[in-house]
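my_file_24.cif, holding mmCIF, C-alpha atoms:
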```
data_entry
#
loop_
_atom_site.label_atom_id
_atom_site.label_comp_id
_atom_site.auth_asym_id
_atom_site.auth_seq_id
_atom_site.Cartn_x
_atom_site.Cartn_y
_atom_site.Cartn_z
CA MET S 276 127.22 107.44 91.15
CA LYS S 277 127.67 105.99 94.56
CA GLU S 278 127.50 102.28 95.10
CA GLY S 279 123.98 101.08 95.83
CA ALA S 280 122.23 103.49 93.49
CA LYS S 281 123.45 102.01 90.23
CA ASN S 282 121.15 99.01 90.01
CA THR S 283 118.17 100.39 91.88
CA THR S 284 117.40 103.58 90.00
CA VAL S 285 117.34 105.10 86.55
CA HIS S 286 117.58 108.76 85.60
CA VAL S 287 114.59 110.69 84.27
CA LYS S 288 115.38 112.82 81.22
CA THR S 289 115.07 116.37 82.48
CA ASP S 290 115.70 119.87 81.21
CA PRO S 291 118.28 121.82 83.26
CA LYS S 292 116.24 125.02 83.04
CA PHE S 293 113.51 123.40 85.14
CA GLU S 294 115.72 121.83 87.78
CA LYS S 295 115.51 124.58 90.39
CA TRP S 296 111.73 124.31 90.40
CA ALA S 297 111.72 120.52 90.41
CA GLU S 298 114.10 120.41 93.38
CA ASN S 299 111.63 122.30 95.55
CA SER S 300 108.56 120.36 94.46
CA PHE S 301 107.27 116.79 94.21
CA CYS S 302 108.94 115.75 90.93
CA PRO S 303 111.55 113.00 91.18
CA ASN S 304 114.34 112.61 88.66
CA ALA S 305 114.94 108.98 89.61
CA LEU S 306 112.70 105.96 89.04
CA PRO S 307 112.93 102.21 89.60
CA PRO S 308 114.69 100.47 86.67
CA PRO S 309 112.21 99.67 83.84
CA ASP S 310 112.79 95.93 84.09
CA THR S 311 110.94 96.06 87.43
CA TRP S 312 107.89 97.85 86.00
CA SER S 313 104.83 95.60 86.05
CA SER S 314 103.48 97.07 82.80
CA ARG S 315 106.64 98.06 80.99
CA PRO S 316 107.09 100.45 79.13
CA LEU S 317 104.67 102.13 81.56
CA LEU S 318 105.26 102.82 85.23
CA PHE S 319 101.98 103.32 87.06
CA ARG S 320 102.24 104.08 90.77
CA LYS S 321 100.84 106.02 93.70
CA ALA S 322 102.24 109.47 94.41
CA ALA S 323 104.34 109.96 97.50
CA TYR S 324 103.04 112.04 100.39
CA VAL S 325 99.43 111.22 99.40
CA HIS S 326 99.26 107.45 99.89
CA LYS S 327 101.19 105.44 102.41
CA ILE S 328 102.37 102.09 101.01
CA PRO S 329 102.95 98.80 102.87
CA SER S 330 106.59 97.76 103.03
CA SER S 331 105.85 94.75 100.80
CA VAL S 332 105.54 97.03 97.77
CA MET S 333 108.18 99.59 98.64
CA SER S 334 110.69 100.66 96.05
CA PRO S 335 113.98 102.41 96.81
CA ALA S 336 113.49 104.66 93.79
CA TRP S 337 111.54 107.71 94.78
CA GLY S 338 113.62 110.82 95.00
CA ARG S 339 116.23 112.82 93.18
CA PHE S 340 119.77 112.42 91.97
CA GLU S 341 121.69 115.37 93.37
CA GLU S 342 125.24 116.49 92.76
CA VAL S 343 127.71 115.56 95.48
CA LYS S 344 130.37 118.25 95.34
CA GLU S 345 133.18 116.29 96.93
CA ASP S 346 133.23 113.60 94.24
CA LYS S 347 131.37 115.41 91.41
CA TYR S 348 129.08 112.45 90.86
CA LEU S 349 125.35 112.13 91.16
CA ALA S 350 124.26 110.26 94.25
CA PHE S 351 120.75 109.02 94.85
CA LYS S 352 119.05 110.78 97.70
CA LYS S 353 115.68 109.61 99.00
CA THR S 354 113.25 112.45 99.46
CA CYS S 355 110.37 110.52 100.97
CA PRO S 356 110.29 108.98 104.45
CA GLY S 357 109.80 105.31 105.20
CA GLU S 358 106.90 103.62 103.45
CA ALA S 359 106.04 106.64 101.30
CA CYS S 360 108.48 105.18 98.76
CA GLN S 361 106.77 102.86 96.33
CA GLY S 362 106.96 100.68 93.27
CA SER S 363 104.97 99.68 90.23
CA LEU S 364 101.28 98.81 89.92
CA ALA S 365 100.08 96.40 87.24
CA ILE S 366 97.32 97.60 84.90
CA ASN S 367 94.30 96.05 83.14
CA THR S 368 93.78 93.20 85.62
CA ASN S 369 95.01 94.65 88.90
CA VAL S 370 92.40 96.13 91.25
CA PHE S 371 94.41 97.82 94.01
CA ASP S 372 93.58 99.44 97.33
CA PHE S 373 94.42 103.01 98.19
CA GLU S 374 93.66 105.50 100.93
CA SER S 375 94.21 109.19 101.59
CA GLU S 376 93.06 111.56 104.29
CA TYR S 377 89.82 112.17 102.40
CA PHE S 378 88.99 108.97 100.48
CA LYS S 379 89.41 105.22 100.86
CA GLY S 380 88.77 102.76 98.08
CA LYS S 381 89.94 100.65 95.16
CA ALA S 382 90.98 101.43 91.60
CA ILE S 383 92.03 99.88 88.31
CA LEU S 384 93.63 101.45 85.24
CA ARG S 385 92.43 99.89 81.97
CA LEU S 386 94.01 100.29 78.54
CA PRO S 387 93.04 98.45 75.32
CA SER S 388 94.20 94.81 75.57
CA GLU S 389 92.86 91.28 75.37
CA ASP S 390 91.98 91.47 79.07
CA THR S 391 89.89 94.63 78.58
CA LYS S 392 88.51 93.91 75.10
CA LYS S 393 84.88 93.62 76.23
CA TYR S 394 85.00 97.04 77.86
CA PHE S 395 86.51 98.91 74.90
CA GLU S 396 84.69 96.98 72.16
CA GLY S 397 82.40 99.23 70.14
CA LYS S 398 83.51 102.34 72.02
CA ASN S 399 85.86 105.10 70.89
CA ARG S 400 87.85 105.04 74.11
CA LYS S 401 91.59 104.86 74.65
CA SER S 402 91.75 104.51 78.43
CA SER S 403 89.62 104.04 81.54
CA MET S 404 90.38 104.74 85.17
CA LEU S 405 87.85 103.19 87.54
CA ILE S 406 87.78 104.48 91.11
CA GLN S 407 85.44 103.28 93.82
CA GLY S 408 85.15 103.97 97.52
CA LYS S 409 83.94 106.16 100.35
CA PHE S 410 84.63 109.75 101.23
CA LYS S 411 86.04 109.92 104.75
CA LYS S 412 84.80 113.47 105.28
CA LYS S 413 81.82 115.31 103.86
CA ILE S 414 83.02 117.65 101.12
CA GLY S 415 80.96 119.93 98.93
CA PHE S 416 80.83 119.24 95.19
CA ARG S 417 82.14 122.77 94.69
CA ASP S 418 85.42 121.90 96.42
CA VAL S 419 86.45 118.61 94.76
CA TYR S 420 88.40 118.96 91.52
CA THR S 421 90.17 116.67 89.07
CA GLY S 422 92.64 117.27 86.25
CA GLN S 423 96.38 117.77 85.85
CA GLU S 424 98.96 119.75 87.76
CA PHE S 425 102.70 120.01 87.22
CA CYS S 426 105.58 120.78 89.55
CA HIS S 427 107.22 123.04 86.98
CA PRO S 428 106.36 124.60 83.61
CA VAL S 429 105.83 122.41 80.58
CA LYS S 430 107.55 122.73 77.22
CA SER S 431 105.38 124.59 74.78
CA PRO S 432 104.26 122.63 71.68
CA GLY S 433 103.32 125.93 70.05
CA TYR S 434 100.33 128.23 70.29
CA LEU S 435 98.03 126.35 67.91
CA VAL S 436 98.61 122.95 69.50
CA THR S 437 98.24 124.37 73.01
CA LYS S 438 95.02 126.11 72.02
CA ALA S 439 93.66 122.92 70.43
CA ALA S 440 94.60 120.79 73.44
CA LEU S 441 92.91 123.19 75.85
CA ALA S 442 89.84 123.27 73.59
CA VAL S 443 89.61 119.47 73.87
CA PHE S 444 89.71 119.61 77.66
CA LYS S 445 87.36 122.60 77.72
CA THR S 446 84.85 120.56 75.73
CA LEU S 447 85.05 117.84 78.36
CA SER S 448 84.54 120.39 81.12
CA PRO S 449 83.46 123.96 80.30
CA SER S 450 84.14 125.08 83.88
CA MET S 451 87.80 124.08 83.66
CA GLU S 452 90.32 126.37 85.31
CA ALA S 453 93.68 126.41 83.52
CA ASN S 454 97.03 128.11 83.93
CA ILE S 455 99.61 126.89 81.43
CA ILE S 456 103.11 128.24 82.01
CA ALA S 457 105.59 127.32 79.27
CA GLU S 458 109.38 127.36 79.46
CA ASN S 459 109.67 130.78 77.84
CA ASN S 460 107.63 132.41 80.59
CA LYS S 461 109.68 134.80 82.73
CA GLU S 462 107.93 133.80 85.95
CA MET S 463 108.12 130.08 86.69
CA ILE S 464 106.17 129.36 89.85
CA PRO S 465 106.23 125.76 91.20
CA ASN S 466 102.87 123.95 90.96
CA GLU S 467 101.27 126.86 89.09
CA THR S 468 100.90 124.99 85.79
CA TYR S 469 97.60 123.13 85.89
CA PHE S 470 94.16 122.58 84.45
CA MET S 471 91.45 121.49 86.86
CA SER S 472 87.66 121.16 86.82
CA PRO S 473 84.94 120.02 89.25
CA LEU S 474 84.88 116.24 89.71
CA ALA S 475 81.07 116.05 89.61
CA GLY S 476 80.90 117.69 86.20
CA THR S 477 83.98 116.03 84.71
CA ALA S 478 83.83 112.29 85.51
CA SER S 479 82.70 110.27 82.51
CA VAL S 480 80.30 108.15 84.57
CA ILE S 481 79.25 108.32 88.24
CA GLN S 482 77.33 105.62 90.10
CA VAL S 483 76.23 106.07 93.74
CA THR S 484 75.10 102.99 95.66
CA ASP S 485 75.07 101.43 99.10
CA GLU S 486 77.67 98.85 100.09
CA LYS S 487 75.44 95.92 99.09
CA ASN S 488 74.79 97.14 95.53
CA LYS S 489 78.20 98.49 94.57
CA PRO S 490 79.43 97.25 91.16
CA PRO S 491 82.49 94.95 91.20
CA LEU S 492 85.63 96.49 89.74
CA ASN S 493 87.27 94.37 87.06
CA SER S 494 88.79 94.49 83.56
CA THR S 495 85.54 94.59 81.60
CA ILE S 496 82.74 96.15 83.65
CA ARG S 497 80.89 99.20 82.38
CA ILE S 498 79.32 101.05 85.29
CA LEU S 499 75.90 102.70 85.06
CA GLU S 500 75.23 106.42 85.43
CA ASP S 501 73.05 106.65 88.53
CA LEU S 502 72.96 109.54 91.02
CA SER S 503 69.39 108.89 92.14
CA ALA S 504 70.70 108.76 95.71
CA LEU S 505 70.96 112.55 95.49
CA GLY S 506 67.17 112.71 95.09
CA GLY S 507 65.18 115.39 93.28
CA ASP S 508 66.09 115.91 89.63
CA PHE S 509 68.65 113.12 89.78
CA GLU S 510 66.06 110.59 90.85
CA GLU S 511 63.81 111.81 88.05
CA SER S 512 66.65 111.71 85.51
CA LEU S 513 66.51 107.91 85.38
CA LYS S 514 63.00 108.19 83.94
CA LYS S 515 63.53 111.38 81.98
CA TYR S 516 66.73 110.16 80.33
CA PRO S 517 66.54 106.36 79.93
CA ASP S 518 69.42 106.63 77.46
CA MET S 519 72.53 106.66 79.66
CA GLU S 520 74.58 108.91 77.35
CA LYS S 521 71.86 111.59 77.53
CA ARG S 522 71.73 111.21 81.31
CA ILE S 523 75.49 111.73 81.52
CA ALA S 524 75.32 114.78 79.25
CA TRP S 525 72.55 116.26 81.43
CA ARG S 526 74.52 115.71 84.66
CA ARG S 527 77.72 117.20 83.25
CA LYS S 528 75.89 120.25 81.93
CA TYR S 529 74.05 120.67 85.24
CA PHE S 530 77.29 120.72 87.23
CA GLN S 531 78.95 123.32 85.02
CA LYS S 532 77.06 125.90 87.08
CA ILE S 533 78.69 126.80 90.38
CA LYS S 534 75.31 127.36 92.05
CA ASN S 535 74.38 123.74 91.31
CA LEU S 536 77.67 122.39 92.67
CA GLU S 537 77.07 124.31 95.88
CA LYS S 538 73.82 122.40 96.52
CA PHE S 539 75.44 118.99 97.08
CA GLU S 540 77.99 117.18 99.21
CA PHE S 541 79.87 113.91 98.74
CA ASP S 542 78.21 111.83 101.45
CA THR S 543 80.36 109.54 103.62
CA SER S 544 77.79 106.74 103.89
CA GLU S 545 77.48 105.94 100.17
CA ILE S 546 79.78 104.08 97.79
CA TRP S 547 80.92 106.31 94.92
CA THR S 548 82.15 104.73 91.69
CA PHE S 549 83.75 106.88 88.99
CA ASP S 550 84.85 105.99 85.47
CA PHE S 551 87.19 108.42 83.71
CA TYR S 552 87.62 107.65 80.03
CA ASN S 553 88.55 109.61 76.91
CA ASP S 554 89.37 109.18 73.23
CA LYS S 555 92.17 111.72 72.85
CA LEU S 556 94.71 110.76 75.50
CA LEU S 557 96.62 107.61 74.56
CA MET S 558 97.95 106.49 77.92
CA ASP S 559 99.62 103.37 76.58
CA SER S 560 102.08 105.56 74.63
CA LEU S 561 101.65 108.90 76.46
CA GLU S 562 100.50 110.66 73.32
CA LEU S 563 97.71 113.13 72.59
CA ALA S 564 95.66 112.60 69.42
CA ILE S 565 94.45 115.99 68.15
CA LEU S 566 94.48 117.95 64.87
CA GLY S 567 94.75 114.67 62.98
CA LYS S 568 98.16 113.97 64.53
CA ARG S 569 99.67 112.22 67.53
CA PHE S 570 101.84 114.33 69.82
CA ASP S 571 104.42 112.75 72.11
CA LEU S 572 103.55 114.14 75.55
CA THR S 573 106.86 113.05 77.04
CA LYS S 574 108.58 115.78 75.04
CA TYR S 575 106.42 118.46 76.62
CA LEU S 576 106.14 117.09 80.16
CA ALA S 577 109.87 117.78 80.55
CA GLY S 578 110.60 115.03 83.05
CA GLN S 579 107.21 114.94 84.78
CA PRO S 580 104.57 112.21 85.01
CA LEU S 581 101.03 112.33 83.75
CA ARG S 582 98.73 112.35 86.76
CA ILE S 583 95.37 110.76 87.54
CA MET S 584 94.26 112.78 90.51
CA SER S 585 91.57 114.52 92.52
CA LYS S 586 92.12 117.20 95.14
CA ILE S 587 90.43 119.78 97.32
CA ARG S 588 90.18 123.12 95.56
CA ASP S 589 92.76 125.75 96.55
CA SER S 590 94.70 123.34 98.77
CA GLU S 591 97.39 120.67 98.72
CA ASN S 592 94.98 118.01 99.99
CA TYR S 593 94.36 115.06 97.64
CA LEU S 594 91.69 112.39 97.45
CA TRP S 595 93.92 110.34 95.14
CA ASN S 596 97.03 110.99 93.11
CA PHE S 597 98.57 108.42 90.75
CA GLU S 598 101.51 108.83 88.39
CA LEU S 599 101.96 107.44 84.89
CA TRP S 600 105.46 107.43 83.37
CA HIS S 601 106.75 106.05 80.07
CA GLU S 602 110.15 104.46 79.59
CA ARG S 603 110.91 107.10 76.94
CA GLN S 604 111.24 109.53 79.83
CA THR S 605 114.24 107.66 81.23
CA GLU S 606 117.86 107.56 80.13
CA SER S 607 117.58 103.81 79.67
CA TRP S 608 115.38 104.31 76.60
CA LYS S 609 117.04 103.99 73.19
CA GLU S 610 115.39 105.90 70.36
CA THR S 611 116.06 102.98 68.00
CA LYS S 612 114.29 100.52 70.28
CA PRO S 613 111.19 99.02 68.61
CA ASP S 614 107.81 99.78 70.15
CA ILE S 615 106.98 97.67 73.18
CA LYS S 616 103.37 96.71 73.76
CA VAL S 617 101.87 97.30 77.17
CA VAL S 618 101.37 93.93 78.79
CA THR S 619 100.32 92.70 82.19
CA HIS S 620 102.73 90.31 83.89
CA PRO S 621 100.69 88.09 86.24
CA LYS S 622 103.83 86.93 88.01
CA LYS S 623 104.74 90.51 88.84
CA LYS S 624 101.41 91.54 90.30
CA LEU S 625 101.91 93.22 93.63
CA GLU S 626 99.96 91.97 96.60
CA PHE S 627 98.79 94.76 98.89
CA THR S 628 99.11 93.70 102.47
CA GLY S 629 99.12 95.65 105.66
CA LYS S 630 97.19 98.77 106.48
CA GLU S 631 97.42 101.88 104.32
CA THR S 632 96.83 105.30 105.84
#
```

Render the structure in this file as structure tokens.
Amino acid sequence: MKEGAKNTTVHVKTDPKFEKWAENSFCPNALPPPDTWSSRPLLFRKAAYVHKIPSSVMSPAWGRFEEVKEDKYLAFKKTCPGEACQGSLAINTNVFDFESEYFKGKAILRLPSEDTKKYFEGKNRKSSMLIQGKFKKKIGFRDVYTGQEFCHPVKSPGYLVTKAALAVFKTLSPSMEANIIAENNKEMIPNETYFMSPLAGTASVIQVTDEKNKPPLNSTIRILEDLSALGGDFEESLKKYPDMEKRIAWRRKYFQKIKNLEKFEFDTSEIWTFDFYNDKLLMDSLELAILGKRFDLTKYLAGQPLRIMSKIRDSENYLWNFELWHERQTESWKETKPDIKVVTHPKKKLEFTGKET
């Protein structure tokens, strides 16, 4: 490895059979060293090419290690220009700003901890991603999706596990569109492994307000389901379904129908707040709890991050796109190392200064 890369990057464990697809896509095989991660053993960060990051939070580690023929060593090669490179975001207590071509707002990732105890208490939830902001362009509900996409095929955990996992996600969103390509598939097409569903019918909770009445994002807040700003049935739903869980169930069922999605747009004048939570995906360890077992997702991601994202249907245009990595995915991880709890390091919180575009 050439001088300068040794102490600034760490290799991602990858599978050689996927390398030719990863090279032509957005998957890095190099990350900042884990001792710089704000929430080690997790690395939570914005995806390159979607969010531009101020220089104060830049990291040199976004790119790929590629073979240099003349010296037969791996040299670090940046694959993102200027401020598109980035570093780690703290979780649980860190509300951060972000902006894309289509959305501008704030977000916070919350996992079970002392800081977030009041939010998770009494609820069967393992994670929560709060996102709040304004749409910069009017977009129809039919065209905004959320879910997972991968730059190359995933490793297959077996037919039964794959079927069970998809069933879990299908329960969350019956209108989900999925295309799972495993490593034994003869045709491996970059970015063609995904499962996506309409944002309006998938988000756990949605609250629409004006600027004055927007809820504050923090470690413990539980936002209220309220789409009365849409008028009609949604205004009536507050009276018809005073129980919030029933109101959420009604909204999610309503937006499983394409004809209903086509009636509405995400307005640019309102503040939209989304909570995405679930009880199967253990983000603190990157495991999936199904069939009475816990499955290590890092084994099947094959050198790819888990994504928290939203995008425009049938395009490469994102509203937001965040990555979540675990230290087990790097070559610095020792299998004999004891479990490390996810903690927030106040001294390592990153201050976001400057303008993001």

Residues returned when the PyMOL selection byres ((chain S and resi 399) around 10) runs on this file, as a PyMOL selection string: chain S and resi 395-398+400-402+552-555

- prompt: In terms of the shortest atom-to-atom distance over all atoms listed in the file, which of S:Gln531, S:Ser512, S:Thr368, S:Gln407 is closest to S:Ile498?
  reply: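 Going through S:Gln531, S:Ser512, S:Thr368, S:Gln407 one by one, the smallest distance to S:Ile498 is for S:Gln407.
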
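Reported to one decimal place, the separation of atom CA of S:Pro307 from atom CA of S:Ser560 is 18.8 Å.
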
task: Calculate how many Å separate atom CA of S:Thr543 from atom CA of S:Gly422, rounding to one decimal.
output: 22.6 Å

query: atom CA of S:Val483 and atom CA of S:Asn367 are how many Å apart?
result: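 Separation of atom CA of S:Val483 and atom CA of S:Asn367: 23.2 Å.
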
message: Using all atoms listed in the file, can you tell me which of S:Pro580, S:Pro517, S:Pro316, S:Gly415 comes closest to S:Glu500?
response: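 Checking each of S:Pro580, S:Pro517, S:Pro316, S:Gly415 against S:Glu500, counting all atoms listed in the file, the winner is S:Pro517.
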
Counting all atoms listed in the file, the option among S:Glu376, S:Glu591, S:Asp559, S:Glu520 closest to S:Ser314: S:Asp559

message: Can you pull out the residues contacting S:Leu474? Cut-off 6 Å, using all atoms listed in the file, and skip same-chain residues under 5 positions away; I want them as a VMD selection string.
response: chain S and resid 419 to 421

task: For the point (71.4, 103.4, 101.1) in the file's frame, write as a PyMOL selection string all residues with an atom no more than 12 Å away, counting only C-alpha atoms.
output: chain S and resi 483-489+502-506+542-547

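Take the candidates S:Ser479, S:Gln423, S:Thr311, S:Thr495 and check each one against S:Val285 using all atoms listed in the file; the shortest distance goes to S:Thr311.
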
- prompt: What does the PyMOL selection byres ((chain S and resi 385) around 8) select in this file, as a ChimeraX atom specification?
  reply: /S:366-368,383-384,386-387,391,402-405,494

Only C-alpha atoms, please: the residues just picked out, written as a tab-separated table (two decimals), in the coordinates of the input.
```tsv
chain	number	residue	atom	x	y	z
S	366	ILE	CA	97.32	97.60	84.90
S	367	ASN	CA	94.30	96.05	83.14
S	368	THR	CA	93.78	93.20	85.62
S	383	ILE	CA	92.03	99.88	88.31
S	384	LEU	CA	93.63	101.45	85.24
S	386	LEU	CA	94.01	100.29	78.54
S	387	PRO	CA	93.04	98.45	75.32
S	391	THR	CA	89.89	94.63	78.58
S	402	SER	CA	91.75	104.51	78.43
S	403	SER	CA	89.62	104.04	81.54
S	404	MET	CA	90.38	104.74	85.17
S	405	LEU	CA	87.85	103.19	87.54
S	494	SER	CA	88.79	94.49	83.56
```

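Nearest to S:Ile583 of all the residues S:Lys379, S:Gln604, S:Phe541, S:Ala478 is S:Ala478, counting all atoms listed in the file.
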
- request: Run the PyMOL selection byres ((chain S and resi 519) around 12) against the file shown and list the residues it catches, as a ChimeraX atom specification.
  value: /S:479-482,497-502,512-518,520-526

Give the padded box for stretch 308-315 of chain S as lines of an AutoDock Vina configuration file: axis-aligned, covering all atoms listed in the file, 5 Å on each side, centre and edge lengths in Å to one decimal.
```
center_x = 109.1
center_y = 98.0
center_z = 84.2
size_x = 21.2
size_y = 14.9
size_z = 16.4
```

field: Proximity to S:Ile533 - best of S:Glu598, S:Glu562, S:Glu510, S:Asp418, all atoms listed in the file
entry: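 Answer, going by the shortest atom-to-atom distance: S:Asp418.
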